[in-house]
Amino acid sequence: MKNPTLQIEKIVDETKDCRSFFFESEKLAQAQPGQFFMVWVPGVDEFPLAASYTSDSDGTFGITVEAVGDGTRALYDSKIGDHIGIRGPYGNGFEITGKNILLVCGGRGTIPLALLAENAAKKEIKIDAILGARSADKLLFKDRLEKATNVSIATDDGSAGVKGFVTGIADEMLGKNKYDCVYTCGPEIMMFKLLAICEKNNVPMQASLERYMKCGIGICGSCACGSVRICKKNVMASSELKELSAFGTEKLDKAGRRVKA
Ligand SMILES: Cc1cc2nc3c(=O)[nH]c(=O)nc-3n(C[C@H](O)[C@H](O)[C@H](O)COP(=O)(O)OP(=O)(O)OC[C@H]3O[C@@H](n4cnc5c(N)ncnc54)[C@H](O)[C@@H]3O)c2cc1C
Ligand code: FES
C-alpha cells in the first residue's frame, strides 16, 4: 500500500527541544485529543506522535516532536515543503466527562493534554492543570494551558514553580478540591503514582500510555502491555489500568524484550 505524504506548511519552535509541524488534511484534522498518528519520515523511520493541534475550520493540524533518536531527529530537522507520511488518527481519544477536571502533564506528555484543554475550555468546563518538566526552559505549551486552564507549575530543579514533581501538587489539589476526572500523560512512573493518588481520593483517571509501536493498528504486538495492545487503546481509564499488571512495571523494547517500564 502506498503511504500518502503531506507537505509541511508551517514550523513553530515550542521550546529548545520541541518543534511543531503543521499540515493540511481535513480527515487528519478530525483527530481527537489523545489520538495519535504514525509518522513516516521517508528513508528514515516511522513512529507514533500525538495530535497536538487540530482545526475543524480550515483542515490544518499539527504534531509536536522532541528529537530523541534517528526518526524524531530527522523530522525535527525537516523544512517547510518537505513531505512526511502520516497515517491515522489511531487509538482512543480522551473522553471529556464532568464540569470540573484536572490535567496532570509531565514533559512531552503535555502534547495531547494541551489540545484536550482547548477542546474542554470550549465546553465551559472548569479546568485546573499541573504542568511539570525537568527545568523552566522545558515547560511545553505553558501559554496554551494558561489560556484555557488555571496552571500550577513544578520543575525538578526549581527553576520555575514548585521544586518537585507534579504528583506532589496533584496530591494537595485532589485533597482540597472535588474533581470529576483527572487526565494525564507523561512518564509512566508519574502516571502510576498519580493512579494511587486518584484512588485514595475516589476520582477516576484517564491516562495516555506510551509503548513501542510499529504497526499502530493492533497487528504486530510490539506495543503489548500485558494482554492489551496499547495502539488500539492508547487512552485507558483507571478501572482498566488497575487490572493491568504491566502498567508501571514492564514494557517491550525495540527488539521485543521485556524491560522495566
Ligand atoms: C502513542 C504515542 C504518542 C507519542 N507522542 C509523541 C509526541 O507527540 N511527541 C514526541 O516527541 N514523542 C511522542 N512519542 C514518543 C515517540 O514516538 C518516540 O520518541 C519515537 O518513537 C522515538 O523514535 P526515534 O526513531 O527518534 O528514536 P529511537 O532510536 O527509536 O529511540 C531513541 C530513544 O527513545 C526511546 N523510545 C523510542 N520509542 C519510544 C516510545 N514509544 N516511548 C518511549 N521511549 C521511546 C528509545 O528507548 C531510545 O532511548 C509518542 C509515543 C507514543 C507511543
Ligand atoms: S503497534 Fe503493532 S500491535 Fe500495537
# chains A, B, ... in the order shown; residues from 1 in each chain; ligands from 1
$ residues_around --residues "range 61-76 of chain A" --least-positions-apart "4" --cutoff "8 Å" --atoms "only C-alpha atoms" --output "NGL selection string"
:A and (17-25 or 28-29 or 41 or 44-47 or 49-55 or 108 or 111)
$ write_last_selection --atoms "N, CA, C and O atoms" --output "CSV table (one decimal), in the first residue's frame"
chain,number,residue,atom,x,y,z
A,17,ASP,N,13.8,22.1,22.9
A,17,ASP,CA,13.8,20.7,22.4
A,17,ASP,C,12.7,20.3,21.5
A,17,ASP,O,12.7,19.2,21.0
A,18,CYS,N,11.6,21.1,21.5
A,18,CYS,CA,10.4,20.6,20.9
A,18,CYS,C,10.0,21.5,19.7
A,18,CYS,O,10.0,22.8,19.9
A,19,ARG,N,9.5,21.0,18.6
A,19,ARG,CA,9.2,21.8,17.5
A,19,ARG,C,7.9,21.2,16.9
A,19,ARG,O,7.7,20.0,16.8
A,20,SER,N,7.0,22.1,16.5
A,20,SER,CA,5.7,21.6,15.9
A,20,SER,C,5.7,21.8,14.4
A,20,SER,O,6.3,22.8,13.8
A,21,PHE,N,5.0,20.9,13.7
A,21,PHE,CA,4.9,20.9,12.2
A,21,PHE,C,3.5,20.8,11.9
A,21,PHE,O,2.7,20.0,12.4
A,22,PHE,N,3.1,21.7,10.9
A,22,PHE,CA,1.7,21.8,10.5
A,22,PHE,C,1.4,21.3,9.1
A,22,PHE,O,2.3,21.6,8.2
A,23,PHE,N,0.3,20.7,8.9
A,23,PHE,CA,-0.1,20.1,7.6
A,23,PHE,C,-1.6,20.4,7.3
A,23,PHE,O,-2.3,20.8,8.2
A,24,GLU,N,-2.0,20.2,6.1
A,24,GLU,CA,-3.4,20.3,5.7
A,24,GLU,C,-4.0,19.0,5.4
A,24,GLU,O,-3.5,18.3,4.5
A,25,SER,N,-5.0,18.6,6.1
A,25,SER,CA,-5.8,17.4,5.7
A,25,SER,C,-7.1,17.4,6.5
A,25,SER,O,-7.0,17.4,7.8
A,28,LEU,N,-7.4,14.2,8.7
A,28,LEU,CA,-6.5,14.1,9.9
A,28,LEU,C,-6.8,15.2,10.9
A,28,LEU,O,-6.5,15.0,12.1
A,29,ALA,N,-7.3,16.3,10.5
A,29,ALA,CA,-7.6,17.4,11.4
A,29,ALA,C,-8.8,17.0,12.3
A,29,ALA,O,-9.1,17.8,13.2
A,41,VAL,N,9.0,9.4,8.2
A,41,VAL,CA,10.0,10.3,7.6
A,41,VAL,C,10.7,9.5,6.5
A,41,VAL,O,11.4,8.5,6.8
A,44,VAL,N,13.9,7.1,6.5
A,44,VAL,CA,14.4,7.1,7.9
A,44,VAL,C,13.6,6.1,8.8
A,44,VAL,O,14.1,5.0,9.1
A,45,ASP,N,12.4,6.4,9.2
A,45,ASP,CA,11.7,5.5,10.1
A,45,ASP,C,10.2,6.0,10.2
A,45,ASP,O,9.9,7.1,9.7
A,46,GLU,N,9.4,5.2,10.8
A,46,GLU,CA,8.0,5.6,11.1
A,46,GLU,C,7.8,5.4,12.7
A,46,GLU,O,8.3,4.4,13.2
A,47,PHE,N,7.1,6.4,13.3
A,47,PHE,CA,7.0,6.3,14.8
A,47,PHE,C,5.7,7.1,15.1
A,47,PHE,O,5.2,7.9,14.3
A,49,LEU,N,3.2,9.8,17.0
A,49,LEU,CA,3.2,11.1,17.6
A,49,LEU,C,1.8,11.5,17.8
A,49,LEU,O,0.9,11.2,17.0
A,50,ALA,N,1.5,12.1,19.0
A,50,ALA,CA,0.2,12.6,19.3
A,50,ALA,C,-0.3,13.7,18.5
A,50,ALA,O,0.5,14.5,18.0
A,51,ALA,N,-1.6,13.8,18.3
A,51,ALA,CA,-2.2,15.1,17.7
A,51,ALA,C,-1.9,16.2,18.6
A,51,ALA,O,-2.3,16.1,19.8
A,52,SER,N,-1.3,17.3,18.2
A,52,SER,CA,-1.0,18.4,19.1
A,52,SER,C,-1.9,19.6,18.9
A,52,SER,O,-2.1,20.4,19.8
A,53,TYR,N,-2.2,19.8,17.6
A,53,TYR,CA,-3.2,20.9,17.2
A,53,TYR,C,-4.2,20.4,16.2
A,53,TYR,O,-3.8,19.6,15.3
A,54,THR,N,-5.4,20.8,16.3
A,54,THR,CA,-6.4,20.5,15.2
A,54,THR,C,-7.2,21.7,15.0
A,54,THR,O,-7.4,22.5,15.9
A,55,SER,N,-7.7,21.9,13.8
A,55,SER,CA,-8.6,23.0,13.5
A,55,SER,C,-9.7,22.4,12.6
A,55,SER,O,-9.5,22.0,11.4
A,108,ARG,N,6.8,15.9,27.7
A,108,ARG,CA,6.1,15.9,26.4
A,108,ARG,C,4.7,15.3,26.4
A,108,ARG,O,4.0,15.3,25.5
A,111,ILE,N,1.7,17.3,25.3
A,111,ILE,CA,1.3,17.5,23.9
A,111,ILE,C,-0.2,17.1,23.7
A,111,ILE,O,-1.0,18.0,23.3
$ select_by_dssp --residues "range 90-259 of chain A" --states "strand (DSSP E or B)" --output "ChimeraX atom specification"
/A:90,100-106,126-133,150-155,162-163,181-185,205-208,224-225,228-229,235-237,250-252,258-259
$ atom_distance --atom1 "atom 36 (N, counted along the ligand's line) of ligand 1" --atom2 "CA of Ile217 in chain A"
18.5 Å
$ closest_residue --among "A:Ile101, A:Ala136, A:Leu209, A:Met191" --to "ligand 1" --atoms "only C-alpha atoms and all ligand atoms"
A:Leu209
$ residues_near_ligand --ligand "ligand 2" --cutoff "6 Å" --atoms "only C-alpha atoms and all ligand atoms" --output "PyMOL selection string"
chain A and resi 213-223+229-231
$ write_last_selection --atoms "all heavy atoms" --output "compact mmCIF listing (two decimals), in the first residue's frame"
# COMPACT_ATOMS: atom_id res chain seq x y z
N MET A 213 5.76 1.27 19.34
CA MET A 213 4.75 0.93 18.32
C MET A 213 5.37 0.78 16.94
O MET A 213 6.22 1.58 16.55
CB MET A 213 3.68 2.02 18.28
CG MET A 213 2.83 2.01 19.53
SD MET A 213 1.53 3.23 19.46
CE MET A 213 0.95 3.15 21.14
N LYS A 214 4.92 -0.24 16.23
CA LYS A 214 5.40 -0.44 14.86
C LYS A 214 4.25 -0.29 13.87
O LYS A 214 4.30 0.54 12.98
CB LYS A 214 6.06 -1.81 14.72
CG LYS A 214 7.40 -1.89 15.44
CD LYS A 214 8.04 -3.25 15.28
CE LYS A 214 9.33 -3.32 16.10
NZ LYS A 214 9.81 -4.70 16.24
N CYS A 215 3.20 -1.12 14.01
CA CYS A 215 2.10 -1.04 13.02
C CYS A 215 1.10 0.06 13.40
O CYS A 215 0.55 0.71 12.53
CB CYS A 215 1.42 -2.39 12.86
SG CYS A 215 0.45 -2.89 14.31
N GLY A 216 0.84 0.22 14.68
CA GLY A 216 -0.13 1.22 15.14
C GLY A 216 -1.58 0.77 15.03
O GLY A 216 -2.48 1.50 15.42
N ILE A 217 -1.81 -0.43 14.48
CA ILE A 217 -3.19 -0.86 14.23
C ILE A 217 -3.52 -2.24 14.80
O ILE A 217 -4.40 -2.94 14.31
CB ILE A 217 -3.52 -0.82 12.72
CG1 ILE A 217 -2.46 -1.60 11.91
CG2 ILE A 217 -3.64 0.61 12.23
CD1 ILE A 217 -2.81 -1.78 10.44
N GLY A 218 -2.75 -2.68 15.80
CA GLY A 218 -3.14 -3.90 16.51
C GLY A 218 -2.66 -5.20 15.90
O GLY A 218 -3.13 -6.27 16.29
N ILE A 219 -1.71 -5.16 14.95
CA ILE A 219 -1.29 -6.40 14.28
C ILE A 219 0.02 -6.98 14.84
O ILE A 219 0.12 -8.17 15.11
CB ILE A 219 -1.11 -6.15 12.76
CG1 ILE A 219 -2.45 -5.78 12.13
CG2 ILE A 219 -0.53 -7.39 12.07
CD1 ILE A 219 -2.34 -5.28 10.71
N CYS A 220 1.03 -6.14 15.06
CA CYS A 220 2.39 -6.66 15.29
C CYS A 220 2.66 -7.09 16.74
O CYS A 220 3.54 -7.90 17.00
CB CYS A 220 3.43 -5.63 14.87
SG CYS A 220 3.52 -4.19 15.95
N GLY A 221 1.95 -6.53 17.70
CA GLY A 221 2.13 -6.89 19.11
C GLY A 221 3.28 -6.18 19.81
O GLY A 221 3.50 -6.41 21.01
N SER A 222 4.01 -5.29 19.12
CA SER A 222 5.16 -4.65 19.77
C SER A 222 4.75 -3.70 20.89
O SER A 222 5.56 -3.37 21.75
CB SER A 222 6.01 -3.91 18.74
OG SER A 222 5.32 -2.78 18.29
N CYS A 223 3.49 -3.26 20.90
CA CYS A 223 3.04 -2.30 21.91
C CYS A 223 2.36 -2.98 23.09
O CYS A 223 1.77 -2.31 23.93
CB CYS A 223 2.06 -1.32 21.28
SG CYS A 223 0.56 -2.16 20.76
N ARG A 229 -3.18 -4.37 23.62
CA ARG A 229 -2.37 -3.70 22.59
C ARG A 229 -2.62 -2.20 22.73
O ARG A 229 -3.72 -1.72 22.43
CB ARG A 229 -2.75 -4.22 21.21
CG ARG A 229 -2.42 -5.68 21.15
CD ARG A 229 -2.35 -6.34 19.85
NE ARG A 229 -1.78 -7.65 20.14
CZ ARG A 229 -1.26 -8.46 19.25
NH1 ARG A 229 -1.22 -8.11 18.00
NH2 ARG A 229 -0.75 -9.61 19.61
N ILE A 230 -1.61 -1.51 23.20
CA ILE A 230 -1.79 -0.10 23.57
C ILE A 230 -2.13 0.75 22.35
O ILE A 230 -2.85 1.74 22.47
CB ILE A 230 -0.54 0.43 24.31
CG1 ILE A 230 -0.37 -0.29 25.65
CG2 ILE A 230 -0.61 1.94 24.53
CD1 ILE A 230 -1.51 -0.10 26.63
N CYS A 231 -1.68 0.36 21.16
CA CYS A 231 -2.01 1.18 19.98
C CYS A 231 -3.52 1.22 19.73
O CYS A 231 -4.03 2.21 19.20
CB CYS A 231 -1.28 0.70 18.74
SG CYS A 231 -1.76 -0.94 18.19
$ residues_around --residues "Phe37 in chain A" --least-positions-apart "6" --cutoff "6 Å" --atoms "only C-alpha atoms" --output "tab-separated table (two decimals) with C-alpha atoms, in the first residue's frame"
chain	number	residue	atom	x	y	z
A	48	PRO	CA	3.91	7.45	16.76
A	49	LEU	CA	3.21	11.10	17.60
A	87	ARG	CA	-1.50	7.72	8.84
A	88	GLY	CA	-4.22	7.72	11.46
A	89	PRO	CA	-5.65	9.01	13.67
$ atom_distance --atom1 "CA of Gly158 in chain A" --atom2 "CA of Lys176 in chain A"
23.4 Å
$ atom_distance --atom1 "CA of Val182 in chain A" --atom2 "CA of Lys232 in chain A"
21.2 Å
$ residues_around --residues "Ala133 in chain A" --least-positions-apart "5" --cutoff "10 Å" --atoms "only C-alpha atoms" --output "number ranges by chain"
A: 105-110, 138-140, 153-160, 164-166, 186
$ closest_residue --among "A:Ser135, A:Gln206, A:Gln35, A:Thr5" --to "ligand 1" --atoms "only C-alpha atoms and all ligand atoms"
A:Gln35
$ residues_around --residues "Thr184 in chain A" --least-positions-apart "3" --cutoff "12 Å" --atoms "only C-alpha atoms" --output "number ranges by chain"
A: 33-34, 94, 101-114, 116-117, 129-132, 166-167, 170, 181, 187-195, 198, 204-210, 234-238
